[in-house]
Every structure is written in structure tokens, then in C-alpha cells.
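Undergrad: My file is target34.cif. It has mmCIF, N, CA and C atoms:
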data_upload
#
loop_
_atom_site.group_PDB
_atom_site.id
_atom_site.type_symbol
_atom_site.label_atom_id
_atom_site.label_comp_id
_atom_site.auth_asym_id
_atom_site.auth_seq_id
_atom_site.Cartn_x
_atom_site.Cartn_y
_atom_site.Cartn_z
ATOM 1 N N MET W 1 37.609 20.334 46.102
ATOM 2 C CA MET W 1 37.292 20.182 47.507
ATOM 3 C C MET W 1 38.057 21.270 48.273
ATOM 4 N N SER W 2 37.407 21.840 49.253
ATOM 5 C CA SER W 2 38.009 22.937 50.015
ATOM 6 C C SER W 2 39.076 22.431 50.987
ATOM 7 N N PHE W 3 39.897 23.365 51.456
ATOM 8 C CA PHE W 3 40.927 23.042 52.439
ATOM 9 C C PHE W 3 40.299 22.377 53.661
ATOM 10 N N GLY W 4 39.225 22.969 54.165
ATOM 11 C CA GLY W 4 38.579 22.441 55.372
ATOM 12 C C GLY W 4 38.079 21.018 55.205
ATOM 13 N N LYS W 5 37.449 20.751 54.071
ATOM 14 C CA LYS W 5 36.940 19.395 53.818
ATOM 15 C C LYS W 5 38.087 18.400 53.705
ATOM 16 N N ARG W 6 39.152 18.794 53.021
ATOM 17 C CA ARG W 6 40.319 17.903 52.913
ATOM 18 C C ARG W 6 40.938 17.654 54.278
ATOM 19 N N LEU W 7 41.070 18.715 55.056
ATOM 20 C CA LEU W 7 41.644 18.588 56.397
ATOM 21 C C LEU W 7 40.828 17.609 57.226
ATOM 22 N N ALA W 8 39.517 17.776 57.241
ATOM 23 C CA ALA W 8 38.649 16.888 58.020
ATOM 24 C C ALA W 8 38.748 15.446 57.518
ATOM 25 N N GLU W 9 38.734 15.283 56.199
ATOM 26 C CA GLU W 9 38.797 13.940 55.609
ATOM 27 C C GLU W 9 40.096 13.220 55.985
ATOM 28 N N VAL W 10 41.215 13.901 55.818
ATOM 29 C CA VAL W 10 42.503 13.279 56.103
ATOM 30 C C VAL W 10 42.652 13.036 57.600
ATOM 31 N N ARG W 11 42.213 13.992 58.412
ATOM 32 C CA ARG W 11 42.303 13.827 59.868
ATOM 33 C C ARG W 11 41.525 12.587 60.312
ATOM 34 N N LYS W 12 40.331 12.415 59.774
ATOM 35 C CA LYS W 12 39.503 11.257 60.136
ATOM 36 C C LYS W 12 40.123 9.960 59.610
ATOM 37 N N ASP W 13 40.688 10.011 58.393
ATOM 38 C CA ASP W 13 41.360 8.826 57.834
ATOM 39 C C ASP W 13 42.517 8.380 58.717
ATOM 40 N N LYS W 14 43.168 9.336 59.360
ATOM 41 C CA LYS W 14 44.302 9.036 60.245
ATOM 42 C C LYS W 14 43.845 8.738 61.673
ATOM 43 N N SER W 15 42.533 8.735 61.885
ATOM 44 C CA SER W 15 41.932 8.461 63.203
ATOM 45 C C SER W 15 42.452 9.411 64.280
ATOM 46 N N LEU W 16 42.546 10.679 63.913
ATOM 47 C CA LEU W 16 42.969 11.697 64.865
ATOM 48 C C LEU W 16 41.778 12.576 65.229
ATOM 49 N N SER W 17 41.700 12.963 66.486
ATOM 50 C CA SER W 17 40.641 13.886 66.906
ATOM 51 C C SER W 17 41.098 15.318 66.652
ATOM 52 N N GLN W 18 40.153 16.234 66.666
ATOM 53 C CA GLN W 18 40.503 17.644 66.537
ATOM 54 C C GLN W 18 41.399 18.057 67.703
ATOM 55 N N GLU W 19 41.141 17.504 68.860
ATOM 56 C CA GLU W 19 41.938 17.805 70.053
ATOM 57 C C GLU W 19 43.391 17.361 69.865
ATOM 58 N N GLU W 20 43.590 16.170 69.307
ATOM 59 C CA GLU W 20 44.952 15.674 69.079
ATOM 60 C C GLU W 20 45.711 16.553 68.087
ATOM 61 N N VAL W 21 45.022 16.955 67.028
ATOM 62 C CA VAL W 21 45.642 17.820 66.030
ATOM 63 C C VAL W 21 45.973 19.176 66.652
ATOM 64 N N ALA W 22 45.035 19.712 67.403
ATOM 65 C CA ALA W 22 45.238 21.007 68.051
ATOM 66 C C ALA W 22 46.425 20.960 69.013
ATOM 67 N N LYS W 23 46.523 19.888 69.765
ATOM 68 C CA LYS W 23 47.614 19.741 70.721
ATOM 69 C C LYS W 23 48.962 19.766 70.003
ATOM 70 N N HIS W 24 49.033 19.076 68.868
ATOM 71 C CA HIS W 24 50.266 19.051 68.082
ATOM 72 C C HIS W 24 50.652 20.450 67.593
ATOM 73 N N LEU W 25 49.634 21.262 67.277
ATOM 74 C CA LEU W 25 49.879 22.601 66.755
ATOM 75 C C LEU W 25 50.027 23.649 67.854
ATOM 76 N N GLY W 26 49.722 23.250 69.093
ATOM 77 C CA GLY W 26 49.789 24.211 70.189
ATOM 78 C C GLY W 26 48.609 25.156 70.206
ATOM 79 N N THR W 27 47.444 24.647 69.835
ATOM 80 C CA THR W 27 46.232 25.463 69.816
ATOM 81 C C THR W 27 45.096 24.670 70.452
ATOM 82 N N LYS W 28 43.859 25.088 70.254
ATOM 83 C CA LYS W 28 42.679 24.430 70.826
ATOM 84 C C LYS W 28 41.835 23.788 69.730
ATOM 85 N N ALA W 29 41.071 22.767 70.110
ATOM 86 C CA ALA W 29 40.241 22.029 69.149
ATOM 87 C C ALA W 29 39.261 22.913 68.379
ATOM 88 N N PRO W 30 38.639 23.917 69.002
ATOM 89 C CA PRO W 30 37.715 24.757 68.227
ATOM 90 C C PRO W 30 38.367 25.447 67.021
ATOM 91 N N VAL W 31 39.665 25.723 67.121
ATOM 92 C CA VAL W 31 40.374 26.329 65.985
ATOM 93 C C VAL W 31 40.407 25.338 64.820
ATOM 94 N N ILE W 32 40.689 24.076 65.124
ATOM 95 C CA ILE W 32 40.709 23.047 64.076
ATOM 96 C C ILE W 32 39.318 22.920 63.464
ATOM 97 N N GLY W 33 38.293 22.995 64.293
ATOM 98 C CA GLY W 33 36.911 22.957 63.804
ATOM 99 C C GLY W 33 36.621 24.107 62.846
ATOM 100 N N ARG W 34 37.129 25.285 63.161
ATOM 101 C CA ARG W 34 36.937 26.439 62.265
ATOM 102 C C ARG W 34 37.671 26.236 60.943
ATOM 103 N N TYR W 35 38.850 25.650 61.001
ATOM 104 C CA TYR W 35 39.558 25.334 59.753
ATOM 105 C C TYR W 35 38.727 24.366 58.916
ATOM 106 N N GLU W 36 38.208 23.334 59.572
ATOM 107 C CA GLU W 36 37.465 22.291 58.849
ATOM 108 C C GLU W 36 36.149 22.804 58.284
ATOM 109 N N ARG W 37 35.561 23.806 58.916
ATOM 110 C CA ARG W 37 34.321 24.400 58.408
ATOM 111 C C ARG W 37 34.598 25.554 57.449
ATOM 112 N N ASP W 38 35.865 25.774 57.142
ATOM 113 C CA ASP W 38 36.294 26.856 56.253
ATOM 114 C C ASP W 38 35.875 28.232 56.751
ATOM 115 N N GLU W 39 35.761 28.370 58.056
ATOM 116 C CA GLU W 39 35.453 29.670 58.654
ATOM 117 C C GLU W 39 36.731 30.487 58.842
ATOM 118 N N MET W 40 37.865 29.785 58.851
ATOM 119 C CA MET W 40 39.140 30.414 59.101
ATOM 120 C C MET W 40 40.210 29.656 58.316
ATOM 121 N N LYS W 41 41.204 30.366 57.818
ATOM 122 C CA LYS W 41 42.316 29.735 57.094
ATOM 123 C C LYS W 41 43.564 29.805 57.959
ATOM 124 N N PRO W 42 44.344 28.718 57.996
ATOM 125 C CA PRO W 42 45.585 28.741 58.771
ATOM 126 C C PRO W 42 46.678 29.513 58.035
ATOM 127 N N SER W 43 47.685 29.916 58.777
ATOM 128 C CA SER W 43 48.859 30.518 58.143
ATOM 129 C C SER W 43 49.560 29.439 57.336
ATOM 130 N N ILE W 44 50.462 29.832 56.470
ATOM 131 C CA ILE W 44 51.208 28.856 55.666
ATOM 132 C C ILE W 44 52.041 27.956 56.575
ATOM 133 N N GLU W 45 52.570 28.512 57.658
ATOM 134 C CA GLU W 45 53.354 27.709 58.598
ATOM 135 C C GLU W 45 52.478 26.647 59.263
ATOM 136 N N THR W 46 51.286 27.045 59.664
ATOM 137 C CA THR W 46 50.360 26.102 60.304
ATOM 138 C C THR W 46 49.891 25.052 59.305
ATOM 139 N N ALA W 47 49.586 25.463 58.081
ATOM 140 C CA ALA W 47 49.156 24.508 57.048
ATOM 141 C C ALA W 47 50.266 23.494 56.772
ATOM 142 N N THR W 48 51.505 23.953 56.779
ATOM 143 C CA THR W 48 52.645 23.058 56.568
ATOM 144 C C THR W 48 52.755 22.059 57.715
ATOM 145 N N LYS W 49 52.579 22.539 58.946
ATOM 146 C CA LYS W 49 52.611 21.638 60.102
ATOM 147 C C LYS W 49 51.479 20.615 60.023
ATOM 148 N N LEU W 50 50.302 21.049 59.577
ATOM 149 C CA LEU W 50 49.169 20.128 59.422
ATOM 150 C C LEU W 50 49.488 19.057 58.384
ATOM 151 N N ALA W 51 50.045 19.470 57.252
ATOM 152 C CA ALA W 51 50.398 18.507 56.199
ATOM 153 C C ALA W 51 51.424 17.506 56.721
ATOM 154 N N ASP W 52 52.407 17.993 57.463
ATOM 155 C CA ASP W 52 53.422 17.092 58.025
ATOM 156 C C ASP W 52 52.807 16.122 59.024
ATOM 157 N N LEU W 53 51.975 16.634 59.901
ATOM 158 C CA LEU W 53 51.319 15.785 60.900
ATOM 159 C C LEU W 53 50.465 14.712 60.238
ATOM 160 N N LEU W 54 49.724 15.104 59.208
ATOM 161 C CA LEU W 54 48.800 14.189 58.541
ATOM 162 C C LEU W 54 49.485 13.353 57.458
ATOM 163 N N GLU W 55 50.773 13.601 57.254
ATOM 164 C CA GLU W 55 51.581 12.851 56.290
ATOM 165 C C GLU W 55 51.021 12.913 54.871
ATOM 166 N N VAL W 56 50.656 14.128 54.463
ATOM 167 C CA VAL W 56 50.219 14.387 53.088
ATOM 168 C C VAL W 56 50.976 15.615 52.598
ATOM 169 N N SER W 57 50.964 15.812 51.297
ATOM 170 C CA SER W 57 51.629 17.000 50.770
ATOM 171 C C SER W 57 50.759 18.229 51.022
ATOM 172 N N LEU W 58 51.409 19.362 51.110
ATOM 173 C CA LEU W 58 50.678 20.613 51.265
ATOM 174 C C LEU W 58 49.823 20.865 50.027
ATOM 175 N N ASP W 59 50.332 20.494 48.851
ATOM 176 C CA ASP W 59 49.550 20.633 47.618
ATOM 177 C C ASP W 59 48.229 19.881 47.711
ATOM 178 N N TYR W 60 48.262 18.671 48.261
ATOM 179 C CA TYR W 60 47.034 17.899 48.400
ATOM 180 C C TYR W 60 46.090 18.583 49.379
ATOM 181 N N LEU W 61 46.615 19.010 50.495
ATOM 182 C CA LEU W 61 45.777 19.600 51.544
ATOM 183 C C LEU W 61 45.089 20.872 51.071
ATOM 184 N N VAL W 62 45.770 21.690 50.284
ATOM 185 C CA VAL W 62 45.164 22.940 49.824
ATOM 186 C C VAL W 62 44.376 22.780 48.529
ATOM 187 N N GLY W 63 44.343 21.557 47.975
ATOM 188 C CA GLY W 63 43.522 21.296 46.799
ATOM 189 C C GLY W 63 44.205 21.561 45.476
ATOM 190 N N LYS W 64 45.522 21.744 45.488
ATOM 191 C CA LYS W 64 46.248 21.976 44.240
ATOM 192 C C LYS W 64 46.351 20.699 43.419
ATOM 193 N N THR W 65 46.303 19.546 44.094
ATOM 194 C CA THR W 65 46.329 18.254 43.419
ATOM 195 C C THR W 65 45.362 17.307 44.120
ATOM 196 N N ASP W 66 44.867 16.340 43.376
ATOM 197 C CA ASP W 66 43.989 15.323 43.965
ATOM 198 C C ASP W 66 44.755 14.059 44.300
ATOM 199 N N ILE W 67 46.052 14.069 44.052
ATOM 200 C CA ILE W 67 46.874 12.901 44.314
ATOM 201 C C ILE W 67 47.434 13.013 45.729
ATOM 202 N N GLU W 68 47.047 12.070 46.554
ATOM 203 C CA GLU W 68 47.525 12.058 47.930
ATOM 204 C C GLU W 68 48.781 11.202 48.004
ATOM 205 N N ILE W 69 49.904 11.847 48.210
ATOM 206 C CA ILE W 69 51.177 11.137 48.296
ATOM 207 C C ILE W 69 51.645 11.186 49.742
ATOM 208 N N ASP W 70 51.795 9.999 50.331
ATOM 209 C CA ASP W 70 52.264 9.953 51.709
ATOM 210 C C ASP W 70 53.757 10.279 51.751
ATOM 211 N N ASN W 71 54.230 10.634 52.921
ATOM 212 C CA ASN W 71 55.637 11.050 53.067
ATOM 213 C C ASN W 71 56.625 9.956 52.696
ATOM 214 N N THR W 72 56.298 8.697 52.973
ATOM 215 C CA THR W 72 57.197 7.594 52.635
ATOM 216 C C THR W 72 57.386 7.504 51.123
ATOM 217 N N THR W 73 56.300 7.583 50.389
ATOM 218 C CA THR W 73 56.377 7.540 48.927
ATOM 219 C C THR W 73 57.118 8.754 48.398
ATOM 220 N N LEU W 74 56.836 9.907 48.958
ATOM 221 C CA LEU W 74 57.507 11.131 48.520
ATOM 222 C C LEU W 74 59.014 11.034 48.739
ATOM 223 N N GLN W 75 59.427 10.502 49.873
ATOM 224 C CA GLN W 75 60.858 10.342 50.140
ATOM 225 C C GLN W 75 61.505 9.388 49.143
ATOM 226 N N ARG W 76 60.787 8.329 48.789
ATOM 227 C CA ARG W 76 61.319 7.374 47.814
ATOM 228 C C ARG W 76 61.471 8.023 46.441
ATOM 229 N N ILE W 77 60.492 8.832 46.082
ATOM 230 C CA ILE W 77 60.559 9.539 44.799
ATOM 231 C C ILE W 77 61.755 10.483 44.784
ATOM 232 N N LEU W 78 61.970 11.185 45.874
ATOM 233 C CA LEU W 78 63.109 12.100 45.958
ATOM 234 C C LEU W 78 64.429 11.347 45.872
ATOM 235 N N GLU W 79 64.498 10.166 46.467
ATOM 236 C CA GLU W 79 65.713 9.352 46.379
ATOM 237 C C GLU W 79 65.958 8.892 44.946
ATOM 238 N N VAL W 80 64.891 8.480 44.264
ATOM 239 C CA VAL W 80 65.019 8.051 42.874
ATOM 240 C C VAL W 80 65.514 9.202 42.008
ATOM 241 N N GLN W 81 65.030 10.394 42.285
ATOM 242 C CA GLN W 81 65.414 11.568 41.512
ATOM 243 C C GLN W 81 66.927 11.806 41.561
ATOM 244 N N ASN W 82 67.569 11.398 42.633
ATOM 245 C CA ASN W 82 69.005 11.619 42.793
ATOM 246 C C ASN W 82 69.870 10.487 42.244
ATOM 247 N N LEU W 83 69.252 9.459 41.706
ATOM 248 C CA LEU W 83 70.015 8.331 41.156
ATOM 249 C C LEU W 83 70.608 8.690 39.796
ATOM 250 N N PRO W 84 71.680 7.990 39.413
ATOM 251 C CA PRO W 84 72.223 8.194 38.058
ATOM 252 C C PRO W 84 71.192 7.788 37.001
ATOM 253 N N VAL W 85 71.276 8.397 35.840
ATOM 254 C CA VAL W 85 70.308 8.180 34.762
ATOM 255 C C VAL W 85 70.156 6.700 34.422
ATOM 256 N N GLU W 86 71.264 5.972 34.294
ATOM 257 C CA GLU W 86 71.175 4.552 33.905
ATOM 258 C C GLU W 86 70.440 3.725 34.960
ATOM 259 N N VAL W 87 70.599 4.057 36.216
ATOM 260 C CA VAL W 87 69.893 3.341 37.283
ATOM 261 C C VAL W 87 68.403 3.688 37.240
ATOM 262 N N LYS W 88 68.107 4.968 37.014
ATOM 263 C CA LYS W 88 66.698 5.383 36.912
ATOM 264 C C LYS W 88 66.007 4.681 35.748
ATOM 265 N N GLU W 89 66.686 4.576 34.612
ATOM 266 C CA GLU W 89 66.093 3.918 33.446
ATOM 267 C C GLU W 89 65.735 2.471 33.757
ATOM 268 N N LYS W 90 66.619 1.760 34.444
ATOM 269 C CA LYS W 90 66.338 0.368 34.825
ATOM 270 C C LYS W 90 65.167 0.301 35.805
ATOM 271 N N LEU W 91 65.183 1.178 36.760
ATOM 272 C CA LEU W 91 64.110 1.209 37.749
ATOM 273 C C LEU W 91 62.761 1.486 37.091
ATOM 274 N N PHE W 92 62.721 2.478 36.196
ATOM 275 C CA PHE W 92 61.474 2.814 35.511
ATOM 276 C C PHE W 92 61.020 1.674 34.592
ATOM 277 N N TYR W 93 61.960 0.942 34.028
ATOM 278 C CA TYR W 93 61.602 -0.221 33.205
ATOM 279 C C TYR W 93 60.815 -1.227 34.051
ATOM 280 N N PHE W 94 61.310 -1.513 35.248
ATOM 281 C CA PHE W 94 60.628 -2.482 36.113
ATOM 282 C C PHE W 94 59.303 -1.930 36.648
ATOM 283 N N ILE W 95 59.261 -0.653 36.922
ATOM 284 C CA ILE W 95 58.003 -0.039 37.365
ATOM 285 C C ILE W 95 56.970 -0.135 36.250
ATOM 286 N N ASP W 96 57.371 0.243 35.034
ATOM 287 C CA ASP W 96 56.454 0.181 33.887
ATOM 288 C C ASP W 96 55.969 -1.244 33.643
ATOM 289 N N MET W 97 56.878 -2.218 33.765
ATOM 290 C CA MET W 97 56.523 -3.617 33.573
ATOM 291 C C MET W 97 55.506 -4.055 34.636
ATOM 292 N N SER W 98 55.718 -3.655 35.855
ATOM 293 C CA SER W 98 54.804 -4.026 36.943
ATOM 294 C C SER W 98 53.431 -3.409 36.746
ATOM 295 N N ILE W 99 53.395 -2.161 36.335
ATOM 296 C CA ILE W 99 52.111 -1.486 36.083
ATOM 297 C C ILE W 99 51.378 -2.155 34.933
ATOM 298 N N ARG W 100 52.104 -2.458 33.851
ATOM 299 C CA ARG W 100 51.501 -3.125 32.696
ATOM 300 C C ARG W 100 50.910 -4.478 33.094
ATOM 301 N N ASP W 101 51.679 -5.276 33.865
ATOM 302 C CA ASP W 101 51.203 -6.582 34.303
ATOM 303 C C ASP W 101 49.981 -6.463 35.205
ATOM 304 N N PHE W 102 49.994 -5.499 36.101
ATOM 305 C CA PHE W 102 48.851 -5.291 36.990
ATOM 306 C C PHE W 102 47.594 -4.949 36.189
ATOM 307 N N LYS W 103 47.744 -4.046 35.229
ATOM 308 C CA LYS W 103 46.600 -3.653 34.411
ATOM 309 C C LYS W 103 46.079 -4.818 33.580
ATOM 310 N N ALA W 104 46.982 -5.640 33.064
ATOM 311 C CA ALA W 104 46.571 -6.798 32.266
ATOM 312 C C ALA W 104 45.807 -7.795 33.117
ATOM 313 N N LYS W 105 46.317 -8.076 34.322
ATOM 314 C CA LYS W 105 45.614 -8.995 35.223
ATOM 315 C C LYS W 105 44.245 -8.466 35.588
ATOM 316 N N LYS W 106 44.176 -7.173 35.835
ATOM 317 C CA LYS W 106 42.902 -6.553 36.203
ATOM 318 C C LYS W 106 41.910 -6.630 35.037
ATOM 319 N N ALA W 107 42.389 -6.411 33.820
ATOM 320 C CA ALA W 107 41.519 -6.436 32.639
ATOM 321 C C ALA W 107 40.974 -7.828 32.348
ATOM 322 N N TYR W 108 41.761 -8.854 32.643
ATOM 323 C CA TYR W 108 41.354 -10.215 32.318
ATOM 324 C C TYR W 108 40.733 -10.967 33.487
ATOM 325 N N SER W 109 40.562 -10.305 34.617
ATOM 326 C CA SER W 109 39.950 -11.006 35.751
ATOM 327 C C SER W 109 38.471 -10.720 35.872
#
Could you render the structure from this file as C-alpha cells?
TA:
Amino acid sequence: MSFGKRLAEVRKDKSLSQEEVAKHLGTKAPVIGRYERDEMKPSIETATKLADLLEVSLDYLVGKTDIEIDNTTLQRILEVQNLPVEVKEKLFYFIDMSIRDFKAKKAYS
């Protein structure tokens, strides 16, 4: 999916108008429309501001990944990364257990 399509999709999911996004960036709505139609590409600084505003990773917005990670989840992942190994192992044990249980319930329902 192109940058423009992702931008439009995420913007609409967040219930933001092109005007609201443009105002945040200090530009005009037609510029956002050009981004969404892939007629124009933003600078890396502008793309970063868009990702921050829309609370998605820049990788997701530019199509490098299909996994949309919100900022809250990303911050939690970064916090986990800084934990001691023994704490991470316990945490991952419970995460793995929860995922396994969820999948089992889903399979048997």
C-alpha cells in the first residue's frame, strides 16, 4: 500500500479531517490531499510529524511494515527492553501463556 493510501486510511481511522492534519503541520488541506493521492511526497521531517500525530510508526506509514503499532504499545515495548533479563523472561512467560490460552479458546469456540 502506498504512503498516500496509508496516510488517508489512518487519518480517517483517527476521525481527523485533512484540515485538522494540515493545521497541525502548519500547512493547508490541499497539501494533505496531494500526499494522500501520492501526487507529492512529504519531507522526512513532515512524515515523522504525521506519524506522531496519527500515533503510528513511521515504518507503518511509509509501508515498510504492515504492523500498526500505536505509541502506547511502542512505549511499553521500549520499557520492557530496558528490564533485567530475569524480569523479561518472566514477563514473556506470561505473555506466551496468554497468547496460547487465547488461541486455544479461539480454536475450540
Undergrad: Quote the spacing between CA of Lys12 (chain W) and CA of Gln75 (chain W) in Å to one decimal place.
TA: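 Here the two named atoms are 23.6 Å from each other.
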Undergrad: Given the choices W:Arg37, W:Arg6, W:Arg100, W:Arg76, which gets closest to Leu50 (chain W) if the distance is worked out from only C-alpha atoms?
TA: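 Of W:Arg37, W:Arg6, W:Arg100, W:Arg76, the one nearest Leu50 (chain W) is W:Arg6, counting only C-alpha atoms.
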Undergrad: Enumerate the residues of chain W with a DSSP assignment of helix (DSSP H, G or I), computed from the backbone, and present them as a VMD selection string.
TA: chain W and resid 3 to 13 18 to 25 29 to 36 44 to 54 58 to 62 71 to 81 85 to 108
Undergrad: Quick one: everything within 10 Å of region 23-28 of chain W, counting only C-alpha atoms, minus sequence neighbours fewer than 6 positions away in the same chain. Send it as a PyMOL selection string.
TA: chain W and resi 17+46-47+49-50+53
Undergrad: Using only C-alpha atoms, pick whichever of W:Val80, W:Leu91, W:Leu61, W:Ala107 has the shortest atom-to-atom distance to Ser2 (chain W).
TA: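 Of the candidates, the smallest distance to Ser2 (chain W) is held by W:Leu61.
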Undergrad: In Å to one decimal, how far is CA of Glu68 (chain W) from CA of Val21 (chain W)?
TA: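 CA of Val21 (chain W) sits 19.1 Å away from CA of Glu68 (chain W).
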Undergrad: One number please: atom N of Ala51 (chain W) to atom N of Glu79 (chain W), in Å, one decimal.
TA: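 Value for the atom N of Ala51 (chain W)-atom N of Glu79 (chain W) distance: 20.3 Å.
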Undergrad: On this structure, which residues satisfy the PyMOL selection byres ((chain W and resi 57) around 8), written as a tab-separated table (two decimals) with N, CA and C atoms, in the frame of the given file?
TA:
chain	number	residue	atom	x	y	z
W	47	ALA	N	49.59	25.46	58.08
W	47	ALA	CA	49.16	24.51	57.05
W	47	ALA	C	50.27	23.49	56.77
W	48	THR	N	51.50	23.95	56.78
W	48	THR	CA	52.64	23.06	56.57
W	48	THR	C	52.76	22.06	57.72
W	50	LEU	N	50.30	21.05	59.58
W	50	LEU	CA	49.17	20.13	59.42
W	50	LEU	C	49.49	19.06	58.38
W	51	ALA	N	50.04	19.47	57.25
W	51	ALA	CA	50.40	18.51	56.20
W	51	ALA	C	51.42	17.51	56.72
W	52	ASP	N	52.41	17.99	57.46
W	52	ASP	CA	53.42	17.09	58.02
W	52	ASP	C	52.81	16.12	59.02
W	54	LEU	N	49.72	15.10	59.21
W	54	LEU	CA	48.80	14.19	58.54
W	54	LEU	C	49.48	13.35	57.46
W	55	GLU	N	50.77	13.60	57.25
W	55	GLU	CA	51.58	12.85	56.29
W	55	GLU	C	51.02	12.91	54.87
W	56	VAL	N	50.66	14.13	54.46
W	56	VAL	CA	50.22	14.39	53.09
W	56	VAL	C	50.98	15.62	52.60
W	58	LEU	N	51.41	19.36	51.11
W	58	LEU	CA	50.68	20.61	51.26
W	58	LEU	C	49.82	20.86	50.03
W	59	ASP	N	50.33	20.49	48.85
W	59	ASP	CA	49.55	20.63	47.62
W	59	ASP	C	48.23	19.88	47.71
W	60	TYR	N	48.26	18.67	48.26
W	60	TYR	CA	47.03	17.90	48.40
W	60	TYR	C	46.09	18.58	49.38
W	61	LEU	N	46.62	19.01	50.50
W	61	LEU	CA	45.78	19.60	51.54
W	61	LEU	C	45.09	20.87	51.07
W	62	VAL	N	45.77	21.69	50.28
W	62	VAL	CA	45.16	22.94	49.82
W	62	VAL	C	44.38	22.78	48.53
W	63	GLY	N	44.34	21.56	47.98
W	63	GLY	CA	43.52	21.30	46.80
W	63	GLY	C	44.20	21.56	45.48
W	67	ILE	N	46.05	14.07	44.05
W	67	ILE	CA	46.87	12.90	44.31
W	67	ILE	C	47.43	13.01	45.73
W	68	GLU	N	47.05	12.07	46.55
W	68	GLU	CA	47.52	12.06	47.93
W	68	GLU	C	48.78	11.20	48.00
W	69	ILE	N	49.90	11.85	48.21
W	69	ILE	CA	51.18	11.14	48.30
W	69	ILE	C	51.64	11.19	49.74
W	70	ASP	N	51.80	10.00	50.33
W	70	ASP	CA	52.26	9.95	51.71
W	70	ASP	C	53.76	10.28	51.75
W	71	ASN	N	54.23	10.63	52.92
W	71	ASN	CA	55.64	11.05	53.07
W	71	ASN	C	56.62	9.96	52.70
Undergrad: Residues within 7 Å of Ala8 (chain W), please, as a PyMOL selection string. Count all atoms listed in the file; anything in the same chain fewer than 5 positions from it doesn't count.
TA: chain W and resi 3+13+35-36
